[in-house]
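Coordinates as given in final_11.cif (mmCIF, C-alpha atoms):
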```cif
data_model
loop_
_atom_site.label_atom_id
_atom_site.label_comp_id
_atom_site.auth_asym_id
_atom_site.auth_seq_id
_atom_site.Cartn_x
_atom_site.Cartn_y
_atom_site.Cartn_z
CA MET A 1 -41.17 73.95 -137.80
CA CYS A 2 -40.12 76.24 -140.62
CA SER A 3 -42.88 77.66 -142.83
CA ARG A 4 -40.56 78.57 -145.71
CA PRO A 5 -40.55 76.45 -148.91
CA CYS A 6 -37.35 74.48 -148.17
CA ARG A 7 -36.13 71.66 -150.38
CA GLY A 8 -33.01 69.70 -151.28
CA THR A 9 -29.77 70.61 -149.53
CA ASN A 10 -31.22 74.02 -148.59
CA ALA A 11 -33.19 72.47 -145.74
CA LEU A 12 -32.82 70.33 -142.63
CA PHE A 13 -35.00 67.28 -143.03
CA CYS A 14 -35.67 64.96 -140.13
CA GLY A 15 -34.29 61.51 -140.94
CA ASN A 16 -37.79 60.09 -140.46
CA PHE A 17 -39.38 62.62 -142.83
CA GLY A 18 -42.30 61.11 -144.77
CA CYS A 19 -41.72 57.61 -143.39
CA ASP A 20 -44.36 55.47 -141.70
CA ARG A 21 -42.67 53.50 -138.91
CA GLY A 22 -45.94 52.06 -137.68
CA GLY A 23 -47.26 51.67 -134.16
CA ARG A 24 -47.16 54.81 -132.01
CA PHE A 25 -45.02 56.74 -134.51
CA GLU A 26 -46.91 59.07 -136.78
CA VAL A 27 -45.43 60.14 -140.10
CA CYS A 28 -42.96 62.98 -139.47
CA ARG A 29 -43.37 66.05 -141.71
CA ARG A 30 -40.85 68.35 -140.04
CA ALA A 31 -38.19 70.28 -141.93
CA TRP A 32 -36.41 73.59 -141.36
CA CYS A 33 -34.08 75.87 -143.20
CA GLY A 34 -30.85 76.20 -141.23
CA PRO A 35 -31.35 79.70 -139.75
CA CYS A 36 -34.87 78.72 -138.58
CA TYR A 37 -33.63 75.81 -136.46
CA THR A 38 -32.82 77.81 -133.33
CA PRO A 39 -32.72 77.06 -129.59
CA HIS A 40 -35.95 76.70 -127.66
CA PRO A 41 -37.12 79.94 -125.98
CA ALA A 42 -36.49 78.29 -122.60
CA ASP A 43 -32.88 77.44 -123.48
CA LYS A 44 -30.62 78.61 -120.61
CA PHE A 45 -27.57 76.49 -121.39
CA HIS A 46 -24.14 78.11 -121.11
CA ILE A 47 -22.44 79.31 -124.30
CA ASN A 48 -18.79 80.14 -123.82
CA LEU A 49 -17.61 83.40 -125.41
CA PRO A 50 -13.98 84.14 -126.33
CA ALA A 51 -12.45 86.62 -123.88
CA ASP A 52 -9.17 88.45 -123.37
CA GLU A 53 -6.90 88.28 -120.31
CA ASP A 54 -9.04 90.84 -118.47
CA GLY A 55 -12.18 88.77 -118.95
CA TYR A 56 -13.81 90.99 -121.58
CA SER A 57 -15.71 88.98 -124.17
CA TRP A 58 -15.07 89.64 -127.84
CA LEU A 59 -16.31 88.21 -131.11
CA ALA A 60 -13.78 87.95 -133.92
CA HIS A 61 -16.40 87.71 -136.68
CA GLU A 62 -20.07 88.43 -137.04
CA GLU A 63 -20.65 84.71 -137.60
CA ASP A 64 -19.42 84.04 -134.05
CA GLN A 65 -22.64 85.57 -132.73
CA LEU A 66 -24.59 82.74 -134.39
CA ARG A 67 -22.45 79.87 -133.12
CA PHE A 68 -24.60 77.29 -131.32
CA ARG A 69 -27.61 79.60 -131.78
CA GLN A 70 -28.82 78.28 -135.12
CA ALA A 71 -28.22 75.41 -137.49
CA ARG A 72 -26.81 75.62 -141.02
CA ASN A 73 -28.20 74.36 -144.28
CA GLY A 74 -26.74 70.93 -144.96
CA ASP A 75 -26.07 70.00 -141.32
CA HIS A 76 -28.21 66.87 -141.72
CA LEU A 77 -25.95 65.76 -144.59
CA MET A 78 -23.02 65.32 -142.17
CA THR A 79 -24.65 64.51 -138.82
CA PRO A 80 -27.46 61.99 -138.25
CA PHE A 81 -30.60 63.97 -137.51
CA GLN A 82 -33.91 63.12 -135.87
CA CYS A 83 -36.09 66.06 -134.93
CA ASP A 84 -36.94 66.91 -131.34
CA TRP A 85 -40.39 65.33 -131.53
CA CYS A 86 -39.09 62.04 -132.93
CA LEU A 87 -36.42 61.86 -130.22
CA PHE A 88 -39.02 62.70 -127.57
CA ARG A 89 -41.18 59.76 -128.64
CA LEU A 90 -38.14 57.46 -128.62
CA VAL A 91 -37.05 58.29 -125.05
CA THR A 92 -40.54 58.59 -123.51
CA GLY A 93 -42.73 56.36 -125.67
CA ARG A 94 -45.43 59.01 -126.09
CA VAL A 95 -46.28 62.28 -127.77
CA PRO A 96 -45.26 65.48 -125.94
CA ARG A 97 -47.99 67.50 -124.25
CA SER A 98 -47.77 71.21 -124.95
CA THR A 99 -49.17 72.12 -121.53
CA ALA A 100 -46.84 69.87 -119.50
CA ARG A 101 -43.85 71.77 -118.08
CA HIS A 102 -41.57 68.74 -118.05
CA ASP A 103 -42.40 67.88 -121.66
CA VAL A 104 -41.56 71.41 -122.79
CA PHE A 105 -38.28 71.26 -120.87
CA LEU A 106 -37.37 67.93 -122.46
CA LEU A 107 -38.08 69.30 -125.95
CA CYS A 108 -35.82 72.26 -125.10
CA ILE A 109 -33.01 69.89 -124.09
CA LEU A 110 -33.38 67.74 -127.20
CA ARG A 111 -33.22 70.83 -129.42
CA ARG A 112 -29.99 71.88 -127.68
CA CYS A 113 -28.57 68.35 -128.09
CA ASN A 114 -29.21 68.45 -131.83
CA LEU A 115 -27.65 71.91 -132.15
CA ASP A 116 -24.57 70.78 -130.26
CA ALA A 117 -24.31 67.73 -132.53
CA PHE A 118 -24.50 69.97 -135.61
CA TRP A 119 -21.82 72.32 -134.25
CA GLY A 120 -19.49 69.39 -133.74
CA ARG A 121 -18.35 70.35 -137.25
CA GLU A 122 -17.41 73.88 -138.29
CA SER A 123 -19.42 75.95 -140.77
CA SER A 124 -16.72 75.83 -143.45
CA THR A 125 -16.75 72.01 -143.38
CA VAL A 126 -20.55 71.84 -143.58
CA LEU A 127 -20.62 74.34 -146.44
CA ALA A 128 -17.93 72.49 -148.42
CA ASN A 129 -19.70 69.15 -147.97
CA ARG A 130 -23.04 70.62 -149.08
CA ARG A 131 -21.42 72.28 -152.10
CA ASN A 132 -19.74 69.04 -153.20
CA LEU A 133 -22.99 67.09 -152.92
CA ASP A 134 -24.77 69.75 -154.98
CA GLN A 135 -22.04 69.41 -157.59
CA LEU A 136 -22.38 65.62 -157.63
CA ILE A 137 -26.14 65.83 -158.19
CA HIS A 138 -25.71 68.55 -160.81
CA LEU A 139 -23.18 66.49 -162.77
CA TRP A 140 -25.49 63.49 -162.89
CA ASP A 141 -28.53 65.56 -163.85
CA ASN A 142 -26.85 67.53 -166.61
CA LEU A 143 -24.36 65.08 -168.11
CA LEU A 144 -26.24 61.81 -167.71
CA ASP A 145 -29.81 63.07 -167.36
CA THR A 146 -30.23 60.72 -164.40
CA THR A 147 -30.74 61.20 -160.70
CA PRO A 148 -27.87 59.61 -158.77
CA VAL A 149 -28.58 56.85 -156.27
CA LEU A 150 -27.53 58.23 -152.88
CA PRO A 151 -27.73 56.68 -149.40
CA SER A 152 -31.06 57.13 -147.63
CA LEU A 153 -31.07 59.44 -144.61
CA GLY A 154 -33.76 57.43 -142.84
CA PRO A 155 -35.91 56.22 -141.31
CA TYR A 156 -34.16 55.31 -138.06
CA PRO A 157 -35.02 52.33 -135.82
CA ALA A 158 -37.85 52.74 -133.34
CA TYR A 159 -35.51 52.83 -130.34
CA ASP A 160 -32.87 55.21 -128.98
CA CYS A 161 -29.95 54.35 -131.26
CA PHE A 162 -28.43 57.83 -130.84
CA GLY A 163 -27.87 57.70 -127.09
CA ALA A 164 -30.24 60.61 -126.50
CA THR A 165 -31.08 59.24 -123.04
CA VAL A 166 -27.51 59.83 -121.88
CA ALA A 167 -27.24 63.16 -123.70
CA VAL A 168 -30.34 64.49 -121.92
CA GLY A 169 -28.95 63.43 -118.55
CA MET A 170 -25.65 65.19 -119.28
CA MET A 171 -27.45 68.38 -120.28
CA VAL A 172 -29.56 68.42 -117.11
CA LYS A 173 -26.45 67.85 -115.00
CA SER A 174 -24.70 70.77 -116.73
CA LEU A 175 -27.31 73.13 -115.25
CA ASN A 176 -26.10 72.40 -111.72
CA PRO A 177 -23.70 74.98 -110.26
CA GLY A 178 -20.06 73.96 -110.41
CA LYS A 179 -17.01 74.71 -108.29
CA TYR A 180 -15.77 77.63 -110.38
CA ALA A 181 -18.85 78.66 -112.40
CA ASP A 182 -22.64 78.64 -112.33
CA HIS A 183 -22.67 75.46 -114.45
CA THR A 184 -21.05 72.04 -114.24
CA GLN A 185 -17.93 71.56 -116.36
CA PHE A 186 -18.03 69.19 -119.32
CA GLU A 187 -15.38 66.88 -117.85
CA THR A 188 -17.68 66.29 -114.87
CA MET A 189 -20.93 65.70 -116.72
CA ARG A 190 -19.32 63.35 -119.26
CA LYS A 191 -18.89 60.76 -116.49
CA LEU A 192 -22.56 59.87 -117.03
CA ARG A 193 -21.55 58.57 -120.45
CA SER A 194 -18.97 56.23 -118.91
CA ALA A 195 -21.51 54.98 -116.38
CA TYR A 196 -24.06 54.23 -119.12
CA SER A 197 -21.43 52.52 -121.26
CA ASN A 198 -20.35 50.29 -118.38
CA LEU A 199 -23.98 49.37 -117.67
CA TYR A 200 -24.65 48.60 -121.34
CA HIS A 201 -21.65 46.30 -121.67
CA ALA A 202 -22.54 44.56 -118.40
CA SER A 203 -26.10 43.89 -119.59
CA ALA A 204 -27.14 40.64 -121.24
CA GLY A 205 -27.83 42.27 -124.60
CA GLY A 206 -24.71 44.42 -124.66
CA SER A 207 -22.25 41.76 -123.55
CA THR A 208 -23.52 39.04 -125.90
CA ALA A 209 -23.72 41.36 -128.92
CA MET A 210 -20.12 42.53 -128.49
CA MET A 211 -17.56 41.14 -130.94
CA THR A 212 -13.84 40.69 -130.30
CA LEU A 213 -10.86 41.06 -132.63
CA GLY A 214 -7.43 39.75 -131.70
CA ARG A 215 -6.00 37.19 -129.32
CA ASP A 216 -4.62 37.01 -125.80
CA THR A 217 -4.00 40.52 -124.41
CA ALA A 218 -4.22 42.50 -127.67
CA LYS A 219 -7.95 42.73 -128.24
CA THR A 220 -10.37 45.19 -129.80
CA PHE A 221 -14.05 45.09 -128.89
CA LEU A 222 -16.76 46.08 -131.36
CA SER A 223 -19.76 47.49 -129.55
CA SER A 224 -23.17 48.77 -130.59
CA CYS A 225 -23.58 50.93 -127.46
CA PRO A 226 -25.70 54.01 -128.32
CA SER A 227 -23.26 56.29 -126.51
CA ASN A 228 -20.65 55.33 -129.12
CA SER A 229 -22.82 56.42 -132.06
CA LEU A 230 -21.71 59.06 -134.55
CA TRP A 231 -24.47 61.42 -133.36
CA PHE A 232 -23.28 61.10 -129.77
CA GLU A 233 -19.66 61.73 -130.74
CA ARG A 234 -20.67 64.89 -132.59
CA PHE A 235 -22.86 65.93 -129.65
CA CYS A 236 -19.98 65.57 -127.18
CA ARG A 237 -17.61 67.50 -129.42
CA GLY A 238 -20.10 70.31 -130.00
CA CYS A 239 -21.07 70.43 -126.32
CA PHE A 240 -17.44 70.78 -125.26
CA LYS A 241 -16.85 73.55 -127.82
CA ARG A 242 -19.97 75.38 -126.63
CA MET A 243 -19.20 75.16 -122.92
CA GLY A 244 -15.43 75.57 -123.07
CA GLN A 245 -13.16 74.48 -120.24
CA GLU A 246 -12.38 76.61 -117.22
CA THR A 247 -9.11 75.73 -115.50
CA HIS A 248 -7.57 77.17 -112.35
CA GLN A 249 -3.87 76.50 -112.04
CA ASP A 250 -2.08 76.51 -108.70
CA LEU A 251 -0.74 79.95 -107.85
CA ALA A 252 3.00 80.51 -107.50
CA LEU A 253 4.50 80.67 -104.01
CA SER A 254 5.06 84.30 -102.97
CA ILE A 255 8.10 85.53 -101.05
CA ASP A 256 5.88 86.47 -98.10
CA VAL A 257 4.56 82.93 -97.84
CA LEU A 258 8.08 81.51 -98.10
CA MET A 259 9.37 83.78 -95.30
CA ALA A 260 6.42 82.83 -93.09
CA LEU A 261 7.21 79.15 -93.71
CA LEU A 262 10.87 79.66 -92.77
CA ARG A 263 9.87 81.43 -89.55
CA LEU A 264 7.70 78.47 -88.62
CA LEU A 265 10.60 76.13 -89.31
CA GLU A 266 12.89 78.23 -87.10
CA ASP A 267 10.42 78.03 -84.24
CA GLN A 268 10.21 74.25 -84.68
CA TRP A 269 14.02 74.09 -84.84
CA VAL A 270 14.24 75.55 -81.33
CA SER A 271 11.36 73.66 -79.76
CA ARG A 272 11.89 70.28 -81.47
CA PRO A 273 15.62 69.52 -81.63
CA ASP A 274 14.88 65.84 -82.31
CA GLN A 275 13.34 66.72 -85.69
CA ARG A 276 16.05 69.04 -86.99
CA ASP A 277 17.02 66.70 -89.81
CA THR A 278 13.49 66.76 -91.18
CA LEU A 279 13.12 70.51 -90.62
CA SER A 280 16.38 71.26 -92.43
CA PHE A 281 15.28 69.10 -95.33
CA VAL A 282 11.92 70.92 -95.60
CA GLY A 283 13.61 74.33 -95.42
CA ALA A 284 16.26 73.47 -98.02
CA PHE A 285 13.66 71.95 -100.33
CA SER A 286 11.43 75.05 -100.13
CA VAL A 287 14.29 77.53 -100.70
CA ILE A 288 15.77 75.58 -103.64
CA ALA A 289 12.35 75.17 -105.30
CA PHE A 290 11.53 78.86 -104.87
CA GLY A 291 14.94 80.18 -105.94
CA GLY A 292 15.20 78.00 -109.02
CA SER A 293 11.48 78.08 -109.94
CA PHE A 294 11.58 74.29 -109.87
CA ARG A 295 8.76 71.84 -109.78
CA GLY A 296 8.71 69.45 -106.87
CA ASN A 297 10.45 66.55 -108.58
CA GLU A 298 13.16 68.77 -110.08
CA VAL A 299 14.54 69.70 -106.66
CA PHE A 300 15.80 66.14 -106.16
CA HIS A 301 17.93 66.53 -109.30
CA THR A 302 19.93 69.36 -107.74
CA ASP A 303 23.69 68.72 -108.03
CA LEU A 304 24.99 68.94 -104.44
CA PHE A 305 28.58 68.60 -105.61
CA GLY A 306 28.11 71.61 -107.85
CA LEU A 307 26.58 73.60 -105.02
CA LEU A 308 29.50 72.76 -102.73
CA SER A 309 32.02 73.64 -105.42
CA THR A 310 30.32 76.99 -106.02
CA THR A 311 30.35 77.71 -102.27
CA VAL A 312 34.06 76.85 -101.94
CA CYS A 313 35.01 78.98 -104.96
CA ARG A 314 33.24 81.96 -103.49
#
```

Write-out of the structure in structure tokens:
Amino acid sequence: MCSRPCRGTNALFCGNFGCDRGGRFEVCRRAWCGPCYTPHPADKFHINLPADEDGYSWLAHEEDQLRFRQARNGDHLMTPFQCDWCLFRLVTGRVPRSTARHDVFLLCILRRCNLDAFWGRESSTVLANRRNLDQLIHLWDNLLDTTPVLPSLGPYPAYDCFGATVAVGMMVKSLNPGKYADHTQFETMRKLRSAYSNLYHASAGGSTAMMTLGRDTAKTFLSSCPSNSLWFERFCRGCFKRMGQETHQDLALSIDVLMALLRLLEDQWVSRPDQRDTLSFVGAFSVIAFGGSFRGNEVFHTDLFGLLSTTVCR
């Protein structure tokens, strides 16, 4: 927690700040200034860096070095925010133990989830929103000598309305080695969200609480699934931006590979005369696709009449 004297839009206040939710929830007194809300020291999650064609990383601006590594003042004015400790109590039902390794790891994950949710929006958008809110408050204070009535930022219900349970599972899965990198790609780990959503809508509470708009086949379902919350949407967007997407396209067919294929077809032509129709088709298909740089389906659009006419003219 930040020790600086933060107040107003210059700080990140937990949505449960100063609120007594009763039961096992103590009153939260946690607030940070943006630069003080940084990843946990044990944070080992992948942060994608922009790189050139040779694989050398580069940073276009000095601010790029801080992306996903700290919050910004006013983030909580755009993204729902519950601090790590409040989220921990929601998903576990108890207070974290400072000496328990698993508790420390979970707090680390929850801090990363919140940072990803914040970075679902760019710094310029957060700054503009904070500046406009400051202007709104200033206009009311100076022109009307009255404090404006603004929506309350909390407290939040005493259950996981953010979908933090799914977010934590996705983050843990991302630490597993992937096919092309030392971490799992976002498109793979996001399948846990679909699984949770299907389970929620198949449950008694989720299916009966769902509302339907429309008739017959054109229907829209209104759901209160936590994985559809605004916080979760921002988390997914920020997580994808942080991790990036690594793609490996199929390599082009080289002339050496094509010649080797044709040699194999010639051998089959001699040894399997009963399959010459198929072999000639495979050879013609391969040569036309390679010579014209066609995709597979484009070869079938080849104009045979035009090819014959060109051959006759020559």

Test item: the PyMOL selection byres ((chain A and resi 164) around 8) resolved as a ChimeraX atom specification:
/A:87,91,110,160-163,165-168,232

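If all atoms listed in the file are the atoms counted, then among A:Arg234, A:Arg242, A:His46, A:His301 the closest residue to A:Phe285 is A:His301.
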
Where does the PyMOL selection byres ((chain A and resi 112-118) around 9) land in this file, that is, which residues does it pick, as a PyMOL selection string?
chain A and resi 37-40+43+45+68-72+75-76+78-84+107-111+119-122+164+167-168+171+231-242

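Counting all atoms listed in the file and comparing A:Trp140, A:Trp32, A:Tyr159, A:Phe17, the residue that lies closest to A:Arg89 is A:Tyr159.
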
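Atom to atom, atom CA of A:Leu127 and atom CA of A:Pro148 stand 20.5 Å apart.
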
Hey, could you patch up stretch 8-22 of chain A with N, CA and C atoms and hand it over as a compact mmCIF listing (two decimals), in the frame of the given file?
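Written out: selection-v3.txt:
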```txt
# COMPACT_ATOMS: atom_id res chain seq x y z
N GLY A 8 -34.37 70.09 -150.93
CA GLY A 8 -33.01 69.70 -151.28
C GLY A 8 -32.04 69.96 -150.15
N THR A 9 -30.81 70.35 -150.53
CA THR A 9 -29.77 70.61 -149.53
C THR A 9 -29.94 71.96 -148.87
N ASN A 10 -30.97 72.72 -149.22
CA ASN A 10 -31.22 74.02 -148.59
C ASN A 10 -32.10 73.88 -147.35
N ALA A 11 -32.31 72.68 -146.88
CA ALA A 11 -33.19 72.47 -145.74
C ALA A 11 -32.62 71.41 -144.82
N LEU A 12 -33.13 71.38 -143.59
CA LEU A 12 -32.82 70.33 -142.63
C LEU A 12 -34.02 69.42 -142.54
N PHE A 13 -33.91 68.23 -143.07
CA PHE A 13 -35.00 67.28 -143.03
C PHE A 13 -34.74 66.27 -141.92
N CYS A 14 -35.76 66.03 -141.11
CA CYS A 14 -35.67 64.96 -140.13
C CYS A 14 -35.42 63.64 -140.87
N GLY A 15 -34.59 62.77 -140.29
CA GLY A 15 -34.29 61.51 -140.94
C GLY A 15 -35.51 60.62 -141.12
N ASN A 16 -36.56 60.88 -140.35
CA ASN A 16 -37.79 60.09 -140.46
C ASN A 16 -38.84 60.78 -141.33
N PHE A 17 -38.44 61.82 -142.06
CA PHE A 17 -39.38 62.62 -142.83
C PHE A 17 -40.12 61.74 -143.85
N GLY A 18 -41.46 61.80 -143.80
CA GLY A 18 -42.30 61.11 -144.77
C GLY A 18 -42.34 59.60 -144.63
N CYS A 19 -41.79 59.06 -143.55
CA CYS A 19 -41.72 57.61 -143.39
C CYS A 19 -42.72 57.15 -142.33
N ASP A 20 -43.41 56.07 -142.63
CA ASP A 20 -44.36 55.47 -141.70
C ASP A 20 -43.66 54.33 -140.97
N ARG A 21 -43.35 54.54 -139.69
CA ARG A 21 -42.67 53.50 -138.91
C ARG A 21 -43.64 52.64 -138.12
N GLY A 22 -44.92 52.91 -138.28
CA GLY A 22 -45.94 52.06 -137.68
C GLY A 22 -46.07 52.27 -136.18
```
